[in-house]
Each structure stands twice: as structure tokens, then as C-alpha cells.
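Participant: For reference, this is protein_7.cif, and it has mmCIF, C-alpha atoms.
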data_work
loop_
_atom_site.label_atom_id
_atom_site.label_comp_id
_atom_site.auth_asym_id
_atom_site.auth_seq_id
_atom_site.Cartn_x
_atom_site.Cartn_y
_atom_site.Cartn_z
CA MET A 185 -105.94 -31.81 13.60
CA LEU A 186 -104.99 -34.16 16.44
CA ALA A 187 -103.44 -36.52 13.90
CA ALA A 188 -101.36 -33.71 12.35
CA ARG A 189 -100.17 -32.51 15.74
CA GLY A 190 -99.37 -36.07 16.78
CA PHE A 191 -97.37 -36.63 13.62
CA TYR A 192 -95.46 -33.38 14.19
CA THR A 193 -94.62 -34.32 17.78
CA ALA A 194 -93.61 -37.85 16.78
CA LEU A 195 -91.33 -36.37 14.13
CA MET A 196 -89.77 -34.05 16.70
CA TYR A 197 -89.00 -37.02 18.97
CA ALA A 198 -87.58 -38.96 16.03
CA LEU A 199 -85.23 -36.05 15.32
CA LEU A 200 -84.14 -35.73 18.96
CA PRO A 201 -80.90 -37.76 18.55
CA ILE A 202 -79.96 -35.60 15.57
CA ALA A 203 -80.69 -32.41 17.53
CA VAL A 204 -78.53 -33.55 20.45
CA ALA A 205 -75.73 -34.62 18.11
CA HIS A 206 -75.91 -31.25 16.37
CA LEU A 207 -75.58 -29.42 19.68
CA ALA A 208 -72.60 -31.58 20.63
CA TRP A 209 -70.98 -30.91 17.24
CA ARG A 210 -71.55 -27.16 17.58
CA ALA A 211 -70.15 -27.26 21.12
CA ARG A 212 -66.84 -28.54 19.76
CA ARG A 213 -66.46 -25.30 17.76
CA GLU A 214 -68.41 -23.05 20.15
CA PRO A 215 -68.20 -24.30 23.75
CA GLU A 216 -71.15 -22.09 24.70
CA TYR A 217 -73.45 -24.54 22.91
CA GLY A 218 -72.58 -27.06 25.59
CA GLU A 219 -73.68 -24.74 28.39
CA HIS A 220 -77.17 -24.60 29.93
CA MET A 221 -78.02 -27.81 28.06
CA SER A 222 -80.79 -28.71 30.52
CA GLU A 223 -82.68 -25.56 29.53
CA ARG A 224 -83.08 -26.99 26.02
CA PHE A 225 -85.34 -29.57 27.65
CA GLY A 226 -87.25 -27.23 29.93
CA ARG A 227 -85.24 -27.74 33.11
CA TYR A 228 -84.15 -24.50 34.79
CA SER A 229 -82.02 -24.05 37.92
CA SER A 230 -82.82 -20.35 38.40
CA VAL A 231 -85.17 -19.26 41.15
CA ARG A 232 -88.59 -18.31 39.86
CA SER A 233 -89.23 -14.57 39.89
CA ALA A 234 -91.61 -13.38 42.59
CA ARG A 235 -92.84 -10.61 40.29
CA PRO A 236 -95.15 -10.95 37.30
CA LEU A 237 -93.21 -11.93 34.18
CA ILE A 238 -93.39 -10.85 30.55
CA TRP A 239 -91.66 -13.26 28.21
CA VAL A 240 -89.97 -12.12 24.97
CA HIS A 241 -88.42 -14.67 22.61
CA ALA A 242 -85.63 -13.54 20.27
CA VAL A 243 -84.04 -16.53 18.56
CA SER A 244 -80.60 -15.09 17.74
CA VAL A 245 -78.57 -11.89 17.35
CA GLY A 246 -80.72 -10.06 14.79
CA GLU A 247 -83.96 -10.66 16.65
CA THR A 248 -82.33 -9.70 19.96
CA ARG A 249 -81.16 -6.38 18.58
CA ALA A 250 -84.60 -5.77 17.10
CA ALA A 251 -86.17 -6.54 20.46
CA GLU A 252 -84.20 -3.84 22.28
CA PRO A 253 -86.65 -0.90 21.86
CA LEU A 254 -89.60 -3.22 22.51
CA VAL A 255 -88.12 -4.61 25.71
CA ARG A 256 -87.34 -1.12 26.97
CA SER A 257 -90.90 0.01 26.20
CA LEU A 258 -92.35 -3.02 27.98
CA ARG A 259 -90.23 -2.26 31.04
CA THR A 260 -91.44 1.34 31.03
CA ARG A 261 -95.11 0.34 30.71
CA HIS A 262 -94.85 -2.50 33.26
CA PRO A 263 -92.29 -1.39 35.87
CA ASP A 264 -93.65 -3.95 38.34
CA HIS A 265 -92.92 -6.84 35.95
CA ASP A 266 -89.73 -8.72 35.16
CA ILE A 267 -88.72 -9.46 31.58
CA LEU A 268 -87.70 -12.98 30.55
CA LEU A 269 -85.66 -12.95 27.34
CA THR A 270 -85.26 -16.36 25.68
CA HIS A 271 -83.02 -17.40 22.80
CA MET A 272 -82.05 -20.43 20.74
CA THR A 273 -78.39 -19.54 20.08
CA PRO A 274 -75.47 -18.59 22.34
CA THR A 275 -74.79 -15.52 20.19
CA GLY A 276 -78.35 -14.34 20.79
CA ARG A 277 -77.97 -14.91 24.51
CA ARG A 278 -74.65 -13.04 24.51
CA ALA A 279 -76.24 -10.15 22.60
CA GLY A 280 -79.01 -10.00 25.21
CA GLU A 281 -76.42 -9.81 27.97
CA MET A 282 -74.56 -7.01 26.20
CA LEU A 283 -77.76 -5.01 25.62
CA PHE A 284 -79.54 -5.47 28.95
CA GLY A 285 -77.02 -6.80 31.48
CA ASP A 286 -78.84 -7.98 34.59
CA GLY A 287 -81.93 -5.98 33.66
CA VAL A 288 -83.62 -9.06 32.21
CA ILE A 289 -83.79 -12.77 33.00
CA ARG A 290 -82.11 -14.86 30.29
CA ALA A 291 -82.73 -18.48 29.30
CA TYR A 292 -82.90 -20.80 26.34
CA LEU A 293 -86.32 -21.67 25.00
CA PRO A 294 -86.71 -25.45 25.13
CA PHE A 295 -87.09 -27.67 22.10
CA ASP A 296 -90.72 -27.96 21.04
CA TYR A 297 -91.58 -31.13 22.95
CA PRO A 298 -94.83 -31.03 24.98
CA ALA A 299 -93.19 -32.02 28.28
CA ALA A 300 -90.30 -29.56 27.84
CA VAL A 301 -92.67 -26.74 26.94
CA ALA A 302 -94.84 -27.56 29.96
CA ARG A 303 -91.83 -27.42 32.29
CA PHE A 304 -90.80 -24.08 30.80
CA LEU A 305 -94.25 -22.57 31.34
CA ASP A 306 -94.59 -24.13 34.81
CA HIS A 307 -91.27 -22.65 35.90
CA TYR A 308 -91.63 -19.11 34.60
CA ARG A 309 -95.45 -18.71 34.51
CA PRO A 310 -95.41 -15.73 32.11
CA ARG A 311 -98.33 -13.32 32.12
CA ALA A 312 -97.87 -12.85 28.37
CA GLY A 313 -95.48 -13.93 25.63
CA VAL A 314 -94.07 -12.12 22.60
CA LEU A 315 -92.37 -14.09 19.82
CA LEU A 316 -90.16 -12.08 17.45
CA GLU A 317 -90.38 -12.36 13.66
CA THR A 318 -90.93 -15.98 12.54
CA GLU A 319 -90.46 -18.14 15.63
CA VAL A 320 -93.64 -20.23 15.49
CA TRP A 321 -93.45 -23.53 17.39
CA PRO A 322 -96.72 -25.54 17.29
CA ASN A 323 -96.57 -27.25 20.69
CA LEU A 324 -95.45 -24.03 22.38
CA VAL A 325 -98.24 -22.02 20.77
CA ARG A 326 -100.82 -24.67 21.66
CA ALA A 327 -99.65 -24.88 25.28
CA CYS A 328 -99.92 -21.11 25.74
CA LYS A 329 -103.41 -21.15 24.26
CA ALA A 330 -104.47 -23.99 26.56
CA ARG A 331 -103.18 -22.13 29.63
CA GLY A 332 -104.78 -18.83 28.68
CA ILE A 333 -101.42 -17.07 28.22
CA PRO A 334 -101.78 -14.22 25.68
CA LEU A 335 -99.26 -14.88 22.93
CA TYR A 336 -98.22 -12.31 20.32
CA LEU A 337 -96.14 -12.42 17.17
CA ALA A 338 -94.25 -9.13 16.88
CA ASN A 339 -92.12 -7.69 14.09
CA ALA A 340 -93.65 -10.57 12.15
CA ARG A 341 -92.47 -11.35 8.66
CA LEU A 342 -93.30 -14.17 6.29
CA SER A 343 -91.70 -14.62 2.88
CA ASP A 344 -93.42 -16.17 -0.13
CA LYS A 345 -91.09 -19.13 0.31
CA SER A 346 -92.24 -19.66 3.91
CA LEU A 347 -95.88 -19.20 2.91
CA ARG A 348 -95.57 -22.00 0.36
CA ARG A 349 -93.98 -24.25 2.98
CA TYR A 350 -96.72 -23.61 5.55
CA SER A 351 -99.43 -23.99 2.90
CA ARG A 352 -98.43 -27.61 2.35
CA VAL A 353 -100.02 -28.29 5.75
CA ALA A 354 -102.69 -25.60 5.50
CA LYS A 355 -105.13 -26.88 8.13
CA PHE A 356 -102.38 -27.45 10.66
CA SER A 357 -100.90 -24.02 9.96
CA ARG A 358 -104.25 -22.25 10.33
CA HIS A 359 -104.75 -23.93 13.69
CA ILE A 360 -101.38 -22.62 14.86
CA PHE A 361 -101.62 -19.04 13.58
CA ARG A 362 -105.18 -18.59 14.83
CA ALA A 363 -103.92 -19.22 18.35
CA PHE A 364 -102.02 -15.93 18.48
CA THR A 365 -103.79 -13.20 20.41
CA ALA A 366 -102.58 -10.63 17.86
CA VAL A 367 -99.88 -10.17 15.26
CA ALA A 368 -97.80 -7.02 14.65
CA ALA A 369 -96.59 -7.41 11.06
CA GLN A 370 -93.67 -5.61 9.45
CA SER A 371 -95.43 -4.85 6.16
CA VAL A 372 -98.70 -5.03 4.25
CA ASP A 373 -97.39 -8.01 2.28
CA ASP A 374 -96.34 -9.81 5.46
CA ALA A 375 -99.77 -9.14 6.97
CA GLN A 376 -101.53 -10.52 3.91
CA ARG A 377 -99.48 -13.72 3.92
CA LEU A 378 -100.02 -14.19 7.67
CA ARG A 379 -103.77 -13.78 7.24
CA GLN A 380 -103.67 -16.42 4.50
CA LEU A 381 -102.30 -18.80 7.11
CA GLY A 382 -105.15 -18.05 9.48
CA ALA A 383 -103.74 -15.30 11.70
CA THR A 384 -106.37 -12.91 13.04
CA ASN A 385 -106.08 -9.43 14.55
CA VAL A 386 -103.12 -8.66 12.29
CA VAL A 387 -101.89 -5.05 12.36
CA VAL A 388 -99.15 -3.55 10.19
CA THR A 389 -96.73 -1.82 12.59
CA GLY A 390 -93.49 -1.60 10.61
CA ASN A 391 -90.03 -2.95 11.34
CA LEU A 392 -88.70 -2.58 14.89
CA LYS A 393 -85.14 -2.50 13.56
CA PHE A 394 -85.66 1.07 12.37
CA ASP A 395 -86.07 2.08 16.03
CA VAL A 396 -82.74 0.64 17.14
CA ALA A 397 -80.44 3.62 17.69
CA PRO A 398 -76.64 3.40 17.67
CA LYS A 399 -75.02 3.81 21.05
CA VAL A 400 -72.69 6.76 21.61
CA GLU A 401 -69.94 4.29 22.55
CA GLN A 402 -70.24 2.64 19.12
CA LEU A 403 -69.96 5.95 17.31
CA ASP A 404 -66.94 6.90 19.41
CA LEU A 405 -65.34 3.56 18.57
CA ALA A 406 -65.95 4.22 14.86
CA ARG A 407 -63.99 7.47 15.10
CA VAL A 408 -61.10 5.64 16.74
CA TRP A 409 -61.12 3.08 13.94
CA ARG A 410 -61.09 5.76 11.25
CA GLU A 411 -57.87 7.09 12.72
CA ARG A 412 -56.38 3.61 12.70
CA TYR A 413 -57.20 3.15 9.01
CA GLY A 414 -54.77 5.95 8.15
CA GLY A 415 -57.16 7.91 5.96
CA ARG A 416 -57.87 5.00 3.60
CA ALA A 417 -61.27 4.54 1.99
CA LEU A 418 -63.19 1.64 3.49
CA LEU A 419 -65.53 -0.91 1.90
CA LEU A 420 -67.33 -3.01 4.49
CA ALA A 421 -68.73 -6.46 3.71
CA ALA A 422 -71.06 -7.04 6.66
CA SER A 423 -72.62 -10.31 7.80
CA THR A 424 -71.12 -12.38 5.00
CA ARG A 425 -72.16 -16.00 4.60
CA GLU A 426 -70.44 -19.20 3.44
CA GLY A 427 -68.94 -18.80 -0.03
CA GLU A 428 -69.33 -15.04 -0.22
CA GLU A 429 -65.88 -14.25 1.18
CA ALA A 430 -64.26 -16.21 -1.66
CA LEU A 431 -66.28 -14.23 -4.22
CA LEU A 432 -65.23 -10.96 -2.60
CA LEU A 433 -61.58 -11.96 -2.67
CA ASP A 434 -61.90 -12.92 -6.33
CA ALA A 435 -63.04 -9.35 -7.01
CA LEU A 436 -60.49 -7.68 -4.72
CA ALA A 437 -58.21 -6.81 -7.64
CA LEU A 438 -60.98 -4.64 -9.12
CA LEU A 439 -60.87 -2.32 -6.10
CA PRO A 440 -58.43 0.59 -6.01
CA THR A 441 -55.32 -0.46 -4.10
CA ASP A 442 -55.84 2.21 -1.44
CA VAL A 443 -59.26 0.80 -0.48
CA LEU A 444 -59.34 -1.32 2.68
CA LEU A 445 -61.83 -4.21 2.51
CA VAL A 446 -63.33 -5.13 5.90
CA ILE A 447 -65.08 -8.51 6.04
CA VAL A 448 -67.30 -9.31 9.02
CA PRO A 449 -68.67 -12.88 8.83
CA ARG A 450 -72.24 -13.32 10.00
CA HIS A 451 -71.42 -16.16 12.40
CA PRO A 452 -68.51 -15.93 14.87
CA GLN A 453 -67.71 -19.63 14.55
CA ARG A 454 -66.53 -18.85 11.00
CA PHE A 455 -63.92 -16.23 11.99
CA ASP A 456 -61.04 -18.71 11.94
CA GLU A 457 -62.37 -20.36 8.78
CA VAL A 458 -62.35 -17.04 6.94
CA ALA A 459 -58.90 -16.19 8.29
CA ALA A 460 -57.66 -19.52 6.92
CA LEU A 461 -59.10 -18.57 3.52
CA PHE A 462 -57.08 -15.33 3.54
CA GLU A 463 -53.93 -17.23 4.45
CA LYS A 464 -54.50 -19.85 1.77
CA ARG A 465 -54.73 -17.13 -0.85
CA GLY A 466 -51.69 -15.29 0.48
CA ILE A 467 -53.66 -12.12 1.22
CA ALA A 468 -52.20 -9.70 3.73
CA TYR A 469 -54.82 -9.27 6.43
CA GLN A 470 -55.24 -8.16 10.01
CA ARG A 471 -57.78 -9.04 12.68
CA ARG A 472 -59.97 -6.50 14.44
CA SER A 473 -59.21 -8.38 17.67
CA ALA A 474 -55.54 -7.36 17.32
CA ASP A 475 -56.80 -3.89 18.31
CA LYS A 476 -54.00 -1.92 16.63
CA PRO A 477 -53.55 0.46 13.66
CA VAL A 478 -53.93 -1.15 10.24
CA ALA A 479 -50.60 -1.47 8.45
CA ALA A 480 -50.26 0.15 5.02
CA ASP A 481 -49.72 -3.19 3.25
CA ILE A 482 -52.92 -4.72 4.63
CA ARG A 483 -55.64 -5.17 1.99
CA VAL A 484 -58.23 -6.92 4.18
CA LEU A 485 -59.34 -6.49 7.79
CA LEU A 486 -61.17 -9.41 9.41
CA GLY A 487 -63.93 -8.14 11.66
CA ASP A 488 -63.76 -10.88 14.30
CA SER A 489 -65.75 -9.17 17.03
CA MET A 490 -69.29 -9.27 18.36
CA GLY A 491 -71.66 -6.43 19.22
CA GLU A 492 -69.86 -3.78 17.17
CA MET A 493 -71.87 -3.66 13.93
CA PHE A 494 -72.90 -0.03 14.39
CA ALA A 495 -69.23 0.88 14.78
CA TYR A 496 -68.33 -1.00 11.60
CA TYR A 497 -71.10 0.76 9.67
CA ALA A 498 -70.26 4.20 11.04
CA ALA A 499 -66.57 3.78 10.26
CA CYS A 500 -66.95 2.68 6.62
CA ASP A 501 -67.58 4.66 3.44
CA VAL A 502 -69.71 2.02 1.68
CA ALA A 503 -71.35 -1.07 3.14
CA PHE A 504 -72.22 -4.28 1.32
CA ILE A 505 -74.85 -6.32 3.16
CA GLY A 506 -73.96 -10.01 3.15
CA GLY A 507 -76.13 -13.03 2.60
CA SER A 508 -77.31 -11.46 -0.64
CA LEU A 509 -74.64 -12.40 -3.19
CA LEU A 510 -75.59 -16.05 -2.76
CA PRO A 511 -79.16 -17.28 -2.11
CA PHE A 512 -79.24 -16.87 1.68
CA GLY A 513 -81.98 -14.22 1.60
CA GLY A 514 -79.86 -11.28 2.73
CA GLN A 515 -79.23 -9.67 6.10
CA ASN A 516 -80.46 -6.49 7.73
CA LEU A 517 -79.51 -3.24 5.95
CA ILE A 518 -81.30 -0.97 8.42
CA GLU A 519 -78.36 -0.53 10.82
CA ALA A 520 -76.21 0.78 7.99
CA CYS A 521 -78.90 3.26 7.01
CA ALA A 522 -79.30 4.40 10.62
CA VAL A 523 -75.79 5.89 10.53
CA GLY A 524 -76.18 7.28 7.00
CA THR A 525 -73.96 4.79 5.20
CA PRO A 526 -74.48 4.11 1.47
CA VAL A 527 -75.59 0.51 0.99
CA LEU A 528 -74.93 -2.13 -1.67
CA ILE A 529 -76.98 -5.34 -1.78
CA GLY A 530 -76.84 -8.44 -3.94
CA PRO A 531 -79.67 -10.10 -5.88
CA HIS A 532 -80.93 -12.34 -3.03
CA THR A 533 -82.81 -10.27 -0.43
CA TYR A 534 -86.05 -12.22 0.11
CA ASN A 535 -85.64 -12.22 3.92
CA PHE A 536 -85.76 -8.41 3.91
CA ALA A 537 -87.59 -7.87 0.62
CA GLU A 538 -89.63 -4.83 1.58
CA ALA A 539 -86.80 -3.00 3.36
CA ALA A 540 -84.45 -3.70 0.44
CA ASP A 541 -86.93 -2.60 -2.22
CA LYS A 542 -87.86 0.56 -0.34
CA ALA A 543 -84.21 1.44 0.29
CA ILE A 544 -83.47 1.14 -3.43
CA GLU A 545 -86.56 3.19 -4.26
CA ALA A 546 -85.41 5.89 -1.83
CA GLY A 547 -81.94 5.99 -3.36
CA ALA A 548 -80.42 4.75 -0.10
CA ALA A 549 -79.15 1.49 -1.59
CA LEU A 550 -77.94 0.10 -4.90
CA ARG A 551 -78.33 -3.48 -6.08
CA VAL A 552 -75.44 -5.37 -7.68
CA ASP A 553 -75.66 -8.82 -9.28
CA THR A 554 -72.11 -10.10 -8.79
CA ALA A 555 -69.03 -9.56 -6.65
CA GLU A 556 -67.32 -8.00 -9.67
CA ALA A 557 -70.17 -5.52 -10.05
CA LEU A 558 -69.98 -4.84 -6.32
CA ALA A 559 -66.27 -3.98 -6.51
CA ARG A 560 -66.71 -1.78 -9.59
CA THR A 561 -69.72 0.06 -8.11
CA ALA A 562 -67.94 0.59 -4.79
CA GLY A 563 -64.91 1.95 -6.63
CA GLN A 564 -67.08 4.37 -8.62
CA LEU A 565 -68.81 5.62 -5.47
CA LEU A 566 -65.55 6.08 -3.59
CA ALA A 567 -64.21 8.11 -6.53
CA ASP A 568 -67.25 10.41 -6.48
CA PRO A 569 -67.54 12.12 -3.06
CA GLU A 570 -70.68 14.07 -4.07
CA MET A 571 -72.57 10.95 -5.10
CA LEU A 572 -71.37 9.13 -1.99
CA GLN A 573 -72.58 11.96 0.23
CA ASP A 574 -75.94 12.12 -1.55
CA ILE A 575 -76.60 8.39 -1.12
CA GLY A 576 -75.52 8.62 2.52
CA ARG A 577 -77.98 11.45 3.11
CA ARG A 578 -80.76 9.43 1.45
CA SER A 579 -79.81 6.42 3.56
CA HIS A 580 -80.14 8.34 6.81
CA GLU A 581 -83.44 9.92 5.73
CA PHE A 582 -84.80 6.50 4.72
CA SER A 583 -84.06 5.22 8.22
CA ARG A 584 -85.61 8.25 9.91
CA LEU A 585 -88.85 8.10 7.89
CA HIS A 586 -89.54 4.48 8.87
CA GLN A 587 -89.16 4.85 12.61
CA GLY A 588 -92.07 4.44 15.01
CA ALA A 589 -92.72 0.68 14.80
CA THR A 590 -92.18 0.22 18.54
CA LYS A 591 -94.92 2.66 19.47
CA ARG A 592 -97.33 1.02 17.02
CA ALA A 593 -96.43 -2.48 18.22
CA MET A 594 -97.05 -1.47 21.83
CA GLU A 595 -100.61 -0.58 20.86
CA VAL A 596 -101.04 -4.21 19.76
CA LEU A 597 -99.38 -5.77 22.81
CA LYS A 598 -102.18 -5.27 25.31
CA TRP A 599 -103.47 -7.84 27.79
#
Here is the file; what I need is its structure written in the form of C-alpha cells.
Facilitator:
Amino acid sequence: MLAARGFYTALMYALLPIAVAHLAWRARREPEYGEHMSERFGRYSSVRSARPLIWVHAVSVGETRAAEPLVRSLRTRHPDHDILLTHMTPTGRRAGEMLFGDGVIRAYLPFDYPAAVARFLDHYRPRAGVLLETEVWPNLVRACKARGIPLYLANARLSDKSLRRYSRVAKFSRHIFRAFTAVAAQSVDDAQRLRQLGATNVVVTGNLKFDVAPKVEQLDLARVWRERYGGRALLLAASTREGEEALLLDALALLPTDVLLVIVPRHPQRFDEVAALFEKRGIAYQRRSADKPVAADIRVLLGDSMGEMFAYYAACDVAFIGGSLLPFGGQNLIEACAVGTPVLIGPHTYNFAEAADKAIEAGAALRVDTAEALARTAGQLLADPEMLQDIGRRSHEFSRLHQGATKRAMEVLKW
């Protein structure tokens, strides 16, 4: 085991120049990647909290949103504690600021080097740690175990693909997963796969994302947008990934001409890239950031804003969930269901397999294999108000029936 851990750490150090170069490259497109760089190596300028600290790690935007009900529950249960919320991406950090303001301490989790991890733990001295979903870093997990810091994996999910990858180093993986104090898994299948990797005290608690409620401000914003669309039907393509926008534009001609297509790329650094694609194809488009009524000749609206996904979902008539037309594994469909929006998903949903399958089974979502099928299905739904309303009702009911994961997870997070 020492040899495996040594090899892993040596590999991490060998990749350090690449990691630094990657951050510098990202900083050219997103200047925020160049900020707080010292935190990536476990060096923090903030004053250590005088109060006990609970640490929650949410790697990026999706995990940060999922963490919201859990963080609020932890603050209610432990009012004498501070919450440290760590991230790996600037968008995750920004989402944490939008959700919690100054109510939490924010920082980047350092790269998984022993010295950097030690400095992180020495500085913050957390009483307990909660890692969201699949963020398992061997040196970090080992250091917490060695220091007697209870460490939990919450809202945990593990795909078959990830299981096969971990199984290639089975002994090393078992050593890591056994170090968790407890695991709150999203589903029975996730729990089974995590146990195969050596995790103990695994409890199925459900998906925290079902407990994330839309803010009133987001719903009010959706009503404002509906007025700006001039009564047009709206097809939303949410959290699209590289290559999917081109497929959607290829199929645009199959949509009725009075349907407005709204495309919201998953990553904000791609906003300008997608806008350039529209311009190259000569497609009349408008940006959300223009913040004005949509002109009648506009076929596509570019959703170039952050923190407004609930508003996008509430304002649309049908939502396609991106990352699923091409093999990216799909994105979260739960937010769309929470506001009762009919959902379309592509063939690639392995990152959210259980939620996708159950949504289809409940009649809350429909699966399409291609962009052409997506456009035709959306057109059929928009032409049939009764069917659209029925799927929307099923979508909302599906979301309601799967709530309660936060309460169950809090029963696991005890130290």
C-alpha cells in the first residue's frame, strides 16, 4: 500500500508543471483562475476562525448548488460552528458567494500533495469534513484519517465507468474508501458500487439536488423574461457542452419558426465561443446579458449569465438537458423538474443514470437520440398543450416525491 501511495504522490508531483500551465492557460480566458493561486498549494492569508469549523467541499457549480440545503442544515444544527466551503473552480466559488454571501468561509482546496494538504488542515483545523459526490483525493483522505478528523462522502455517486477505473487499483482504492467515517449515497446502485470499493457504513439517502428549492427572485425573473419573449414558445437547451450547440443549430430548421431557442452553455468561458458559432452561421441571435426584449426576428437567445438556471427553466416551455446528446454523461435534470418543466434528454446520461431513468419512468422526461429527434419532439409537445401540461405536472410530482435527502443525510453526518 505504501508503494501504491508513493507512486500516486510521485505521479502528482510529475504532473505539477502541467497543472500550473493549465491554470495559467485557463487564467488567460478566465482571469479568476489566476486569483488565490497560493490556496492551490495550501497557503492561506485569511485569519483562522476562532470558532469550531465544519468543512464542506463542493468542487464546482453543480456540487455547490447541491450543497445548499446541507450547509443550511449544518448551520442550524451547529450554530456555534463556522462553515468552510471549498471549491476547485472559480465558478463554484462564485456560486458559493451568490448562495451564502459572507455566511460561510470560502477557499480553494489545495492540490493533493501531502505538504499542501497538511498546510490546509493546519490552517483551518476542521472538526469534520464533508466531500460532495465524487471528490475523493487519496492524500487528503489519508491525512484526515491520520489526524482523527471525521470525513464523510455525501450525495455520493459512482458510475460503472468510475467503478471500472478504481477497480484497476483495487487494493489502493479499498484503502481510500475505507477511510471514510460514513457515506451517504444517492442510490442503491451507487451504494453497491461504493461498497465494492471498500466503503463501509454506506447509507442510501437520495439526491440532495431534489431539496434545492427555487428562489422567489428567480421565479419573478422568469415572469419578466416571459414578457420579453413576446408570447413566443420557448425551447431551452440547458448546460450544453462542446459540439452540442452545432448539432442544435443543424436541427433549428425543424422547429416551428415562432419557437425561440435559448442555449445556455455549461461553462461560462464558452459564451463567446458559442456566440461566434452563431455569427459564423449567420443566425440572428441576442444575448441574455443585453437585458432587453427579444426582437421578433431573433431565432436564438444566448444565455450568457450565471446563477439563473431556475429562471431559465421556469421561463421555458420545454427544457433539453445538455451533455447528453454527445457522450459527456449528461447534466442535472432535477432543477427543471422542480419548477414543473417537461424535460428532454439525449442518449448519454450515465452521470445521472438513476435520476434520468426514474424521470422517464415517471413520465416527467422523454429521451431523444439525436438533435433532429429533439427538435421534432419539442415541436410536437409545443403543438399539444394538453400533453405539455401533463408532462409538466408529472415533472413537478417527480421532484416532490424524491425530496428529503438532506434530512436523511444529516442522520449520517454525526460526530
Participant: List every protein, DNA or RNA residue that has at least one atom no more than 7 Å from (-79.7, 2.7, -2.6) in the file's coordinates, counting only C-alpha atoms, and write the result as a PyMOL selection string.
Facilitator: chain A and resi 526-528+543-544+546-550+575
Participant: Fewer than 2 positions away in the same chain doesn't count, so skip those; otherwise give me all residues within 10 Å of Arg450 (chain A), counting only C-alpha atoms, as a list of chain:residue names.
Facilitator: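 Contacts, with the query itself left out: A:Val245, A:Ala421, A:Ala422, A:Ser423, A:Thr424, A:Arg425, A:Glu426, A:Ile447, A:Val448, A:Pro452, A:Gln453, A:Arg454, A:Phe455, A:Gly487, A:Asp488, A:Met490, A:Gly506, A:Gly507, A:Gln515.
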Participant: Taking the file as shown, find all residues satisfying the PyMOL selection byres ((chain A and resi 501) around 12) and write them as a VMD selection string.
Facilitator: chain A and resid 406 410 413 415 to 421 443 to 446 496 to 500 502 to 504 520 to 521 523 to 528 562 to 563 565 to 569 571 to 573 575 to 576
Participant: Using all atoms listed in the file, which of A:Val301, A:Val408, A:Ile482, A:Ala338 sits nearest Pro322 (chain A)?
Facilitator: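 Nearest to Pro322 (chain A): A:Val301.
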Participant: Using only C-alpha atoms, which residue out of A:Glu319, A:Arg584, A:Leu461, A:Ala495 lies closest to Leu431 (chain A)?
Facilitator: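 The answer is A:Leu461, which sits nearest to Leu431 (chain A).
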Participant: Ranking A:Ser583, A:Asn339, A:Thr384, A:Gln402 by minimum distance to Ile360 (chain A) and counting all atoms listed in the file, which one comes first?
Facilitator: A:Thr384
